[in-house]
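upload_38.pdb follows; it contains PDB, C-alpha atoms.
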ATOM      1  CA  MET Y 214      -6.594  19.941  50.484
ATOM      2  CA  LYS Y 215      -4.316  19.974  47.456
ATOM      3  CA  ARG Y 216      -3.243  23.468  48.361
ATOM      4  CA  MET Y 217      -2.340  22.340  51.876
ATOM      5  CA  ASP Y 218      -0.319  19.408  50.522
ATOM      6  CA  ALA Y 219       1.535  21.704  48.147
ATOM      7  CA  LEU Y 220       2.224  24.135  50.974
ATOM      8  CA  ARG Y 221       3.510  21.312  53.170
ATOM      9  CA  ALA Y 222       5.785  20.042  50.420
ATOM     10  CA  HIS Y 223       7.075  23.518  49.538
ATOM     11  CA  TRP Y 224       7.080  25.130  52.961
ATOM     12  CA  ASP Y 225      10.540  26.593  52.368
ATOM     13  CA  ARG Y 226       9.466  28.242  49.120
ATOM     14  CA  GLY Y 227       6.365  29.603  50.832
ATOM     15  CA  LEU Y 228       8.489  30.963  53.653
ATOM     16  CA  ALA Y 229      10.940  32.432  51.131
ATOM     17  CA  LEU Y 230       8.095  34.235  49.332
ATOM     18  CA  GLY Y 231       6.742  35.508  52.648
ATOM     19  CA  LEU Y 232      10.147  36.809  53.720
ATOM     20  CA  THR Y 233      10.614  38.502  50.350
ATOM     21  CA  VAL Y 234       7.278  40.281  50.674
ATOM     22  CA  ILE Y 235       8.145  41.326  54.240
ATOM     23  CA  GLY Y 236      11.538  42.597  53.071
ATOM     24  CA  VAL Y 237      10.011  44.687  50.289
ATOM     25  CA  VAL Y 238       7.378  46.124  52.660
ATOM     26  CA  MET Y 239      10.116  46.992  55.171
ATOM     27  CA  LEU Y 240      12.068  48.790  52.441
ATOM     28  CA  VAL Y 241       9.078  50.839  51.304
ATOM     29  CA  VAL Y 242       7.974  51.714  54.828
ATOM     30  CA  GLY Y 243      11.549  52.630  55.748
ATOM     31  CA  TYR Y 244      11.894  54.833  52.698
ATOM     32  CA  VAL Y 245       8.660  56.661  53.437
ATOM     33  CA  ARG Y 246       9.477  57.200  57.099
ATOM     34  CA  ILE Y 247      13.070  58.316  56.439
ATOM     35  CA  SER Y 248      11.902  60.786  53.808
ATOM     36  CA  ARG Y 249       9.572  62.381  56.343
ATOM     37  CA  THR Y 250      12.230  63.321  58.895
ATOM     38  CA  PRO Y 251      14.880  65.993  58.303
ATOM     39  CA  TYR Y 252      17.197  64.872  61.154
ATOM     40  CA  PRO Y 253      19.980  62.414  60.278
ATOM     41  CA  ALA Y 254      20.145  61.124  63.880
ATOM     42  CA  GLU Y 255      16.504  60.169  63.565
ATOM     43  CA  GLN Y 256      17.051  58.633  60.155
ATOM     44  CA  LEU Y 257      19.818  56.322  61.329
ATOM     45  CA  PRO Y 258      17.680  53.875  63.394
ATOM     46  CA  LEU Y 259      15.209  53.740  60.528
ATOM     47  CA  LEU Y 260      18.035  53.045  58.107
ATOM     48  CA  MET Y 261      19.195  50.184  60.325
ATOM     49  CA  SER Y 262      15.827  48.616  60.996
ATOM     50  CA  ALA Y 263      14.274  49.091  57.572
ATOM     51  CA  GLY Y 264      17.351  49.206  55.329
ATOM     52  CA  VAL Y 265      19.783  46.725  56.852
ATOM     53  CA  GLY Y 266      16.956  44.676  58.363
ATOM     54  CA  SER Y 267      15.202  44.303  55.028
ATOM     55  CA  LEU Y 268      18.470  43.241  53.393
ATOM     56  CA  PHE Y 269      18.815  40.569  56.063
ATOM     57  CA  VAL Y 270      15.253  39.335  55.523
ATOM     58  CA  LEU Y 271      15.592  39.372  51.722
ATOM     59  CA  GLY Y 272      18.877  37.453  51.960
ATOM     60  CA  LEU Y 273      17.231  34.868  54.174
ATOM     61  CA  GLY Y 274      14.380  34.500  51.678
ATOM     62  CA  ALA Y 275      16.758  34.092  48.754
ATOM     63  CA  THR Y 276      18.754  31.467  50.660
ATOM     64  CA  LEU Y 277      15.607  29.510  51.468
ATOM     65  CA  TRP Y 278      14.459  29.579  47.849
ATOM     66  CA  LEU Y 279      17.856  28.485  46.492
ATOM     67  CA  SER Y 280      18.211  25.771  49.126
ATOM     68  CA  ALA Y 281      14.793  24.428  48.095
ATOM     69  CA  ASP Y 282      16.056  24.215  44.502
ATOM     70  CA  LEU Y 283      19.188  22.409  45.661
ATOM     71  CA  ARG Y 284      17.124  19.997  47.741
ATOM     72  CA  ASP Y 285      14.971  19.199  44.690
ATOM     73  CA  GLU Y 286      18.114  18.573  42.657
ATOM     74  CA  TRP Y 287      19.388  16.263  45.405
ATOM     75  CA  HIS Y 288      16.138  14.270  45.356
ATOM     76  CA  LYS Y 289      16.316  14.008  41.567
ATOM     77  CA  LEU Y 290      19.814  12.572  41.933
ATOM     78  CA  ASP Y 291      18.405  10.059  44.447
ATOM     79  CA  GLU Y 292      15.901   8.927  41.816
ATOM     80  CA  LEU Y 293      18.546   8.699  39.100
ATOM     81  CA  THR Y 294      20.844   6.690  41.374
ATOM     82  CA  THR Y 295      18.054   4.248  42.175
ATOM     83  CA  ILE Y 296      17.164   3.874  38.488
ATOM     84  CA  SER Y 297      20.801   3.362  37.586
ATOM     85  CA  GLU Y 298      21.279   0.690  40.246
ATOM     86  CA  ASP Y 299      18.042  -1.068  39.274
ATOM     87  CA  GLN Y 300      19.074  -1.144  35.603
ATOM     88  CA  HIS Y 301      22.395  -2.669  36.545
ATOM     89  CA  ASP Y 302      20.607  -5.309  38.644
ATOM     90  CA  GLU Y 303      18.220  -6.164  35.800
ATOM     91  CA  TRP Y 304      20.938  -7.035  33.288
ATOM     92  CA  PRO Y 305      23.725  -8.540  35.339
ATOM     93  CA  GLY Y 306      26.511  -9.427  32.995
ATOM     94  CA  ALA Y 307      24.703  -8.563  29.797
ATOM     95  CA  MET Y 308      26.764  -5.438  29.446
ATOM     96  CA  ASP Y 309      29.743  -6.881  31.265
ATOM     97  CA  THR Y 310      30.507  -9.742  28.987
ATOM     98  CA  VAL Y 311      32.090  -9.782  25.607
ATOM     99  CA  VAL Y 312      32.832 -12.878  23.555
ATOM    100  CA  LEU Y 313      36.513 -12.780  22.840
ATOM    101  CA  ARG Y 314      37.957 -14.617  19.875
ATOM    102  CA  SER Y 315      41.678 -15.151  20.169
ATOM    103  CA  GLU Y 316      43.966 -15.515  17.197
ATOM    104  CA  ASP Y 317      43.745 -19.295  17.269
ATOM    105  CA  GLY Y 318      40.003 -19.045  16.758
ATOM    106  CA  ALA Y 319      38.928 -20.213  20.225
ATOM    107  CA  ALA Y 320      36.005 -18.214  21.554
ATOM    108  CA  ARG Y 321      35.520 -17.553  25.248
ATOM    109  CA  ALA Y 322      33.541 -15.166  27.391
ATOM    110  CA  SER Y 323      35.302 -12.472  29.338
ATOM    111  CA  ALA Y 324      33.664 -10.854  32.294
ATOM    112  CA  ARG Y 325      34.602  -7.520  33.712
TER     113      ARG Y 325
ATOM    114  CA  MET A 268      27.122   6.324  44.411
ATOM    115  CA  SER A 269      25.942   4.198  47.260
ATOM    116  CA  ARG A 270      22.438   4.053  48.598
ATOM    117  CA  THR A 271      23.785   5.310  51.927
ATOM    118  CA  THR A 272      24.662   8.673  50.423
ATOM    119  CA  ALA A 273      21.485   8.705  48.374
ATOM    120  CA  GLY A 274      19.509   8.127  51.566
ATOM    121  CA  VAL A 275      20.601  11.503  52.937
ATOM    122  CA  THR A 276      17.619  13.716  52.292
ATOM    123  CA  ARG A 277      19.385  17.070  52.166
ATOM    124  CA  PRO A 278      22.383  18.273  50.176
ATOM    125  CA  TRP A 279      23.902  20.063  53.165
ATOM    126  CA  THR A 280      25.517  18.455  56.174
ATOM    127  CA  PRO A 281      24.024  18.910  59.678
ATOM    128  CA  GLY A 282      27.138  20.843  60.710
ATOM    129  CA  THR A 283      26.712  23.288  57.822
ATOM    130  CA  LEU A 284      23.076  23.809  58.686
ATOM    131  CA  ARG A 285      23.902  24.403  62.349
ATOM    132  CA  LEU A 286      26.558  26.973  61.443
ATOM    133  CA  THR A 287      24.170  28.761  59.073
ATOM    134  CA  LEU A 288      21.436  28.907  61.692
ATOM    135  CA  ALA A 289      23.918  30.135  64.305
ATOM    136  CA  ALA A 290      25.269  32.813  61.946
ATOM    137  CA  ASN A 291      21.757  34.039  61.137
ATOM    138  CA  ALA A 292      20.692  34.042  64.794
ATOM    139  CA  LEU A 293      23.805  35.989  65.769
ATOM    140  CA  ALA A 294      23.222  38.365  62.866
ATOM    141  CA  ALA A 295      19.640  38.986  63.999
ATOM    142  CA  ILE A 296      20.872  39.760  67.531
ATOM    143  CA  LEU A 297      23.519  42.145  66.203
ATOM    144  CA  LEU A 298      20.958  43.876  63.976
ATOM    145  CA  PHE A 299      18.630  44.328  66.918
ATOM    146  CA  LEU A 300      21.442  45.601  69.151
ATOM    147  CA  GLY A 301      22.564  48.001  66.422
ATOM    148  CA  TRP A 302      19.083  49.357  65.951
ATOM    149  CA  TYR A 303      18.461  49.618  69.711
ATOM    150  CA  GLY A 304      21.789  51.369  70.316
ATOM    151  CA  ALA A 305      21.414  53.795  67.427
ATOM    152  CA  ALA A 306      17.886  54.732  68.508
ATOM    153  CA  ARG A 307      19.247  55.942  71.867
ATOM    154  CA  GLU A 308      22.021  58.126  70.411
ATOM    155  CA  PRO A 309      21.239  61.806  69.925
ATOM    156  CA  THR A 310      23.702  62.487  67.087
ATOM    157  CA  LEU A 311      24.640  60.788  63.838
ATOM    158  CA  LYS A 312      28.278  60.543  64.904
ATOM    159  CA  ASP A 313      27.376  58.602  68.055
ATOM    160  CA  GLY A 314      25.167  56.262  66.069
ATOM    161  CA  ALA A 315      27.862  55.297  63.554
ATOM    162  CA  PRO A 316      29.429  52.491  65.680
ATOM    163  CA  TRP A 317      25.994  50.900  66.018
ATOM    164  CA  LEU A 318      25.616  51.018  62.250
ATOM    165  CA  ASN A 319      28.957  49.215  61.944
ATOM    166  CA  LEU A 320      27.709  46.566  64.354
ATOM    167  CA  SER A 321      24.610  45.878  62.310
ATOM    168  CA  ALA A 322      26.636  45.872  59.086
ATOM    169  CA  PHE A 323      28.865  43.225  60.642
ATOM    170  CA  GLY A 324      25.765  41.208  61.464
ATOM    171  CA  LEU A 325      24.645  41.450  57.849
ATOM    172  CA  VAL A 326      28.032  40.218  56.621
ATOM    173  CA  LEU A 327      27.881  37.340  59.096
ATOM    174  CA  ALA A 328      24.463  36.261  57.821
ATOM    175  CA  ALA A 329      25.622  36.529  54.208
ATOM    176  CA  PHE A 330      28.653  34.375  55.010
ATOM    177  CA  GLY A 331      26.535  31.669  56.659
ATOM    178  CA  ASN A 332      23.989  31.601  53.834
ATOM    179  CA  ALA A 333      26.577  31.616  51.051
ATOM    180  CA  ARG A 334      28.533  28.837  52.778
ATOM    181  CA  LEU A 335      25.422  26.649  52.988
ATOM    182  CA  LEU A 336      24.590  27.158  49.330
ATOM    183  CA  LEU A 337      28.149  26.630  48.089
ATOM    184  CA  ILE A 338      28.669  23.459  50.129
ATOM    185  CA  SER A 339      25.331  22.081  48.917
ATOM    186  CA  ARG A 340      26.214  22.938  45.333
ATOM    187  CA  ALA A 341      29.598  21.233  45.663
ATOM    188  CA  ARG A 342      28.061  18.058  47.140
ATOM    189  CA  ILE A 343      25.513  17.917  44.320
ATOM    190  CA  GLY A 344      28.321  18.328  41.795
ATOM    191  CA  LEU A 345      30.196  15.416  43.362
ATOM    192  CA  ARG A 346      27.134  13.196  43.168
ATOM    193  CA  GLN A 347      26.477  14.198  39.550
ATOM    194  CA  ARG A 348      30.026  13.291  38.569
ATOM    195  CA  ALA A 349      29.869   9.977  40.451
ATOM    196  CA  LEU A 350      26.561   9.115  38.813
ATOM    197  CA  ARG A 351      27.892  10.005  35.373
ATOM    198  CA  ARG A 352      30.926   7.787  35.926
ATOM    199  CA  ALA A 353      28.785   4.932  37.223
ATOM    200  CA  ARG A 354      26.606   5.033  34.113
ATOM    201  CA  GLN A 355      29.574   4.774  31.764
ATOM    202  CA  PRO A 356      31.325   1.443  32.241
ATOM    203  CA  GLY A 357      34.852   1.363  30.979
ATOM    204  CA  ARG A 358      35.362   5.085  31.403
ATOM    205  CA  GLY A 359      37.703   4.819  34.321
ATOM    206  CA  ASN A 360      35.302   4.573  37.238
ATOM    207  CA  ARG A 361      37.206   1.526  38.431
ATOM    208  CA  ILE A 362      40.779   0.343  38.263
ATOM    209  CA  GLU A 363      41.243  -1.417  34.976
ATOM    210  CA  THR A 364      42.559  -4.946  35.327
ATOM    211  CA  ASP A 365      41.910  -6.112  31.783
ATOM    212  CA  HIS A 366      44.392  -4.409  29.503
ATOM    213  CA  ARG A 367      43.315  -6.229  26.370
ATOM    214  CA  ARG A 368      41.772  -4.348  23.501
ATOM    215  CA  VAL A 369      39.179  -5.854  21.208
ATOM    216  CA  ALA A 370      37.591  -5.088  17.864
ATOM    217  CA  LEU A 371      34.553  -6.386  16.026
ATOM    218  CA  PRO A 372      35.263  -8.159  12.745
ATOM    219  CA  GLY A 373      35.052  -5.583   9.967
ATOM    220  CA  GLY A 374      34.795  -2.705  12.461
ATOM    221  CA  HIS A 375      36.990   0.363  12.330
ATOM    222  CA  LEU A 376      37.194   0.958  16.085
ATOM    223  CA  TYR A 377      38.895  -0.860  18.933
ATOM    224  CA  HIS A 378      37.392  -1.070  22.430
ATOM    225  CA  ARG A 379      37.924  -2.153  26.017
ATOM    226  CA  PRO A 380      36.468  -5.647  26.594
ATOM    227  CA  ALA A 381      33.913  -4.065  28.961
ATOM    228  CA  CYS A 382      32.652  -1.529  26.419
ATOM    229  CA  ARG A 383      28.898  -1.501  25.909
ATOM    230  CA  LEU A 384      29.285  -1.310  22.152
ATOM    231  CA  VAL A 385      30.861  -4.768  21.968
ATOM    232  CA  SER A 386      29.037  -6.461  24.836
ATOM    233  CA  GLY A 387      27.677  -9.854  23.835
ATOM    234  CA  LYS A 388      29.241  -9.682  20.377
ATOM    235  CA  PRO A 389      32.070 -11.807  19.025
ATOM    236  CA  ALA A 390      35.183  -9.633  19.107
ATOM    237  CA  ASP A 391      38.808 -10.234  18.248
ATOM    238  CA  VAL A 392      41.591  -9.570  20.724
ATOM    239  CA  LEU A 393      44.102  -7.159  19.271
ATOM    240  CA  PRO A 394      47.746  -7.756  20.185
ATOM    241  CA  LEU A 395      48.864  -4.202  19.312
ATOM    242  CA  PRO A 396      45.784  -2.023  18.879
ATOM    243  CA  GLY A 397      47.807   1.088  18.139
ATOM    244  CA  ARG A 398      49.316  -0.453  15.032
ATOM    245  CA  THR A 399      46.224  -1.936  13.472
ATOM    246  CA  GLY A 400      45.032   1.268  11.861
ATOM    247  CA  LEU A 401      41.841   1.132  13.945
ATOM    248  CA  GLU A 402      40.653   4.162  15.857
ATOM    249  CA  PRO A 403      39.869   4.140  19.589
ATOM    250  CA  CYS A 404      36.194   3.929  20.529
ATOM    251  CA  GLY A 405      34.732   7.267  21.550
ATOM    252  CA  TRP A 406      32.543   5.658  24.195
ATOM    253  CA  CYS A 407      34.942   3.557  26.269
ATOM    254  CA  ARG A 408      38.043   5.583  25.329
ATOM    255  CA  PRO A 409      40.525   2.704  25.418
TER     256      PRO A 409
END

Let me see whether you can do it: turn the structure in this file into structure tokens.
Amino acid sequence: MKRMDALRAHWDRGLALGLTVIGVVMLVVGYVRISRTPYPAEQLPLLMSAGVGSLFVLGLGATLWLSADLRDEWHKLDELTTISEDQHDEWPGAMDTVVLRSEDGAARASAR
Amino acid sequence: MSRTTAGVTRPWTPGTLRLTLAANALAAILLFLGWYGAAREPTLKDGAPWLNLSAFGLVLAAFGNARLLLISRARIGLRQRALRRARQPGRGNRIETDHRRVALPGGHLYHRPACRLVSGKPADVLPLPGRTGLEPCGWCRP
């Protein structure tokens, strides 16, 4: 159950890992198949499907992983903003007021 | 930073996401077309244009992905700066209307009246803070 929850929360990281594995497998399979044929015209489609295709899949995986990191950072900023606003609500004026003493000795409060 | 912005659950805008998805979908189509076209050509020379097509698709996908990440990064940076400013009163996050400068009796620094370091304490108003020999506070930077 915990594993399912973690997978649901980090679906983009799971997908990124899956795409990375697929990309690496495509590269290896492409390399093996290209090395087995001596004809360049036969190698070209393999180069495009396995080489360029794997680059595309790996790029997609990397983007998903990095976007998951950025999303986490965004949520952390949400938390910090809430904490900051709550702190300001808890001490209204405590940090905004200073007791000013003018030269004639009269004291008065000054609010921001 | 307002709660409205904080309520947005993703660092990227919907438009950015749409463009990224469109770029990747188009790239996938171009890659497939390139592969399909090259597989039907008998010589390497005839297959070269198809390779160019798929390379263009790859560049398109890279552009869409990089754009998404850079825009997200920039929006996070903006929020970080706004949050930092909001947590430091007296550091210029609002237009200053009180131009007085204050100092604590016996202190060697002068401050803005809103500075946290003098909040709630009895402070003297300084008529000419620059000529008192006091140094500006490093926190509120008067």

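Nearest to Ile247 in chain Y of all the residues Y:Leu232, Y:Leu260, Y:Leu277, Y:Val270 is Y:Leu260, based on all atoms listed in the file.
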
Padding 5 Å on every side, please: axis-aligned box over the listed atoms of range 363-378 of chain A, centre and edge lengths to one decimal in Å, as JSON.
{"center_x": 39.5, "center_y": -3.6, "center_z": 22.6, "size_x": 19.8, "size_y": 19.1, "size_z": 35.4}

For the provided coordinates, the residues matched by the PyMOL selection byres ((chain A and resi 306-322) around 8) should be stated as a PDB file with C-alpha atoms, keeping the file's coordinate frame.
ATOM      1  CA  PRO Y 253      19.980  62.414  60.278  1.00  0.00           C
ATOM      2  CA  ALA Y 254      20.145  61.124  63.880  1.00  0.00           C
ATOM      3  CA  GLU Y 255      16.504  60.169  63.565  1.00  0.00           C
ATOM      4  CA  LEU Y 257      19.818  56.322  61.329  1.00  0.00           C
ATOM      5  CA  PRO Y 258      17.680  53.875  63.394  1.00  0.00           C
ATOM      6  CA  MET Y 261      19.195  50.184  60.325  1.00  0.00           C
ATOM      7  CA  VAL Y 265      19.783  46.725  56.852  1.00  0.00           C
TER       8      VAL Y 265
ATOM      9  CA  ALA A 294      23.222  38.365  62.866  1.00  0.00           C
ATOM     10  CA  LEU A 297      23.519  42.145  66.203  1.00  0.00           C
ATOM     11  CA  LEU A 298      20.958  43.876  63.976  1.00  0.00           C
ATOM     12  CA  PHE A 299      18.630  44.328  66.918  1.00  0.00           C
ATOM     13  CA  LEU A 300      21.442  45.601  69.151  1.00  0.00           C
ATOM     14  CA  GLY A 301      22.564  48.001  66.422  1.00  0.00           C
ATOM     15  CA  TRP A 302      19.083  49.357  65.951  1.00  0.00           C
ATOM     16  CA  TYR A 303      18.461  49.618  69.711  1.00  0.00           C
ATOM     17  CA  GLY A 304      21.789  51.369  70.316  1.00  0.00           C
ATOM     18  CA  ALA A 305      21.414  53.795  67.427  1.00  0.00           C
ATOM     19  CA  PHE A 323      28.865  43.225  60.642  1.00  0.00           C
ATOM     20  CA  GLY A 324      25.765  41.208  61.464  1.00  0.00           C
ATOM     21  CA  LEU A 325      24.645  41.450  57.849  1.00  0.00           C
ATOM     22  CA  VAL A 326      28.032  40.218  56.621  1.00  0.00           C
TER      23      VAL A 326
END

Query raised in the report: When the PyMOL selection byres ((chain Y and resi 287) around 12) is applied to the file above, which residues end up in the set, as a PyMOL selection string?
Result: (chain Y and resi 280-286+288-294) or (chain A and resi 272-279+339-347)

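Pairwise distance (CA of Pro409 in chain A, CA of Gly374 in chain A) equals 15.2 Å.
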
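CA of Arg408 in chain A is found 15.1 Å from CA of Ala353 in chain A.
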
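Put simply, CA of Ala222 in chain Y is 29.4 Å away from CA of Leu327 in chain A.
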
Report task. Excluding Ile235 in chain Y and residues on its chain fewer than 3 positions from it, collect all residues at most 9 Å away from it, counting only C-alpha atoms, and give them as an NGL selection string. Result -> :Y and (230-232 or 238-240 or 267 or 270-271)

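With the shown file loaded, the PyMOL selection byres ((chain A and resi 328) around 9) picks out Phe269, Gly272 and Leu273 of chain Y; Thr287, Leu288, Ala289, Ala290, Asn291, Ala292, Leu293, Ala294, Ala295, Phe323, Gly324, Leu325, Val326, Leu327, Ala329, Phe330, Gly331, Asn332 and Ala333 of chain A.
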
Query raised in the report: Which residue gives the smallest distance to chain Y among A:Leu284, A:Val369, A:Cys404, A:Leu395, with all atoms listed in the file counted?
Result: A:Val369

Output requested as a short mmCIF file (atom, residue, chain, number, x, y, z; two decimals), in the coordinates of the input - range 288-298 of chain A, filled out with all heavy atoms.
data_model
loop_
_atom_site.label_atom_id
_atom_site.label_comp_id
_atom_site.auth_asym_id
_atom_site.auth_seq_id
_atom_site.Cartn_x
_atom_site.Cartn_y
_atom_site.Cartn_z
N LEU A 288 22.46 28.44 60.75
CA LEU A 288 21.44 28.91 61.69
C LEU A 288 22.07 29.78 62.78
O LEU A 288 21.50 30.82 63.16
CB LEU A 288 20.72 27.71 62.32
CG LEU A 288 19.80 26.91 61.39
CD1 LEU A 288 19.24 25.69 62.09
CD2 LEU A 288 18.67 27.78 60.87
N ALA A 289 23.24 29.36 63.26
CA ALA A 289 23.92 30.14 64.31
C ALA A 289 24.31 31.51 63.77
O ALA A 289 24.14 32.53 64.46
CB ALA A 289 25.14 29.38 64.80
N ALA A 290 24.84 31.54 62.54
CA ALA A 290 25.27 32.81 61.95
C ALA A 290 24.07 33.75 61.78
O ALA A 290 24.16 34.95 62.07
CB ALA A 290 25.94 32.56 60.60
N ASN A 291 22.94 33.20 61.33
CA ASN A 291 21.76 34.04 61.14
C ASN A 291 21.17 34.51 62.46
O ASN A 291 20.71 35.65 62.57
CB ASN A 291 20.70 33.28 60.33
CG ASN A 291 20.97 33.35 58.85
OD1 ASN A 291 20.82 34.39 58.23
ND2 ASN A 291 21.41 32.26 58.27
N ALA A 292 21.20 33.63 63.47
CA ALA A 292 20.69 34.04 64.79
C ALA A 292 21.56 35.14 65.37
O ALA A 292 21.04 36.15 65.90
CB ALA A 292 20.67 32.83 65.72
N LEU A 293 22.88 34.97 65.26
CA LEU A 293 23.80 35.99 65.77
C LEU A 293 23.63 37.30 65.00
O LEU A 293 23.64 38.40 65.59
CB LEU A 293 25.25 35.48 65.65
CG LEU A 293 26.33 36.31 66.34
CD1 LEU A 293 26.07 36.40 67.83
CD2 LEU A 293 27.71 35.68 66.11
N ALA A 294 23.43 37.17 63.69
CA ALA A 294 23.22 38.36 62.87
C ALA A 294 21.95 39.10 63.30
O ALA A 294 21.94 40.34 63.39
CB ALA A 294 23.13 37.97 61.40
N ALA A 295 20.90 38.35 63.57
CA ALA A 295 19.64 38.99 64.00
C ALA A 295 19.83 39.72 65.33
O ALA A 295 19.33 40.84 65.51
CB ALA A 295 18.55 37.92 64.13
N ILE A 296 20.60 39.10 66.24
CA ILE A 296 20.87 39.76 67.53
C ILE A 296 21.67 41.04 67.32
O ILE A 296 21.37 42.09 67.91
CB ILE A 296 21.62 38.78 68.47
CG1 ILE A 296 20.70 37.63 68.87
CG2 ILE A 296 22.15 39.49 69.70
CD1 ILE A 296 21.40 36.50 69.57
N LEU A 297 22.68 40.97 66.46
CA LEU A 297 23.52 42.14 66.20
C LEU A 297 22.70 43.26 65.54
O LEU A 297 22.87 44.44 65.86
CB LEU A 297 24.71 41.77 65.31
CG LEU A 297 25.80 40.91 65.97
CD1 LEU A 297 26.89 40.57 64.97
CD2 LEU A 297 26.40 41.63 67.16
N LEU A 298 21.81 42.87 64.63
CA LEU A 298 20.96 43.88 63.98
C LEU A 298 20.05 44.56 65.00
O LEU A 298 19.86 45.78 64.97
CB LEU A 298 20.10 43.22 62.89
CG LEU A 298 20.82 42.83 61.60
CD1 LEU A 298 19.86 42.14 60.65
CD2 LEU A 298 21.42 44.04 60.94
#
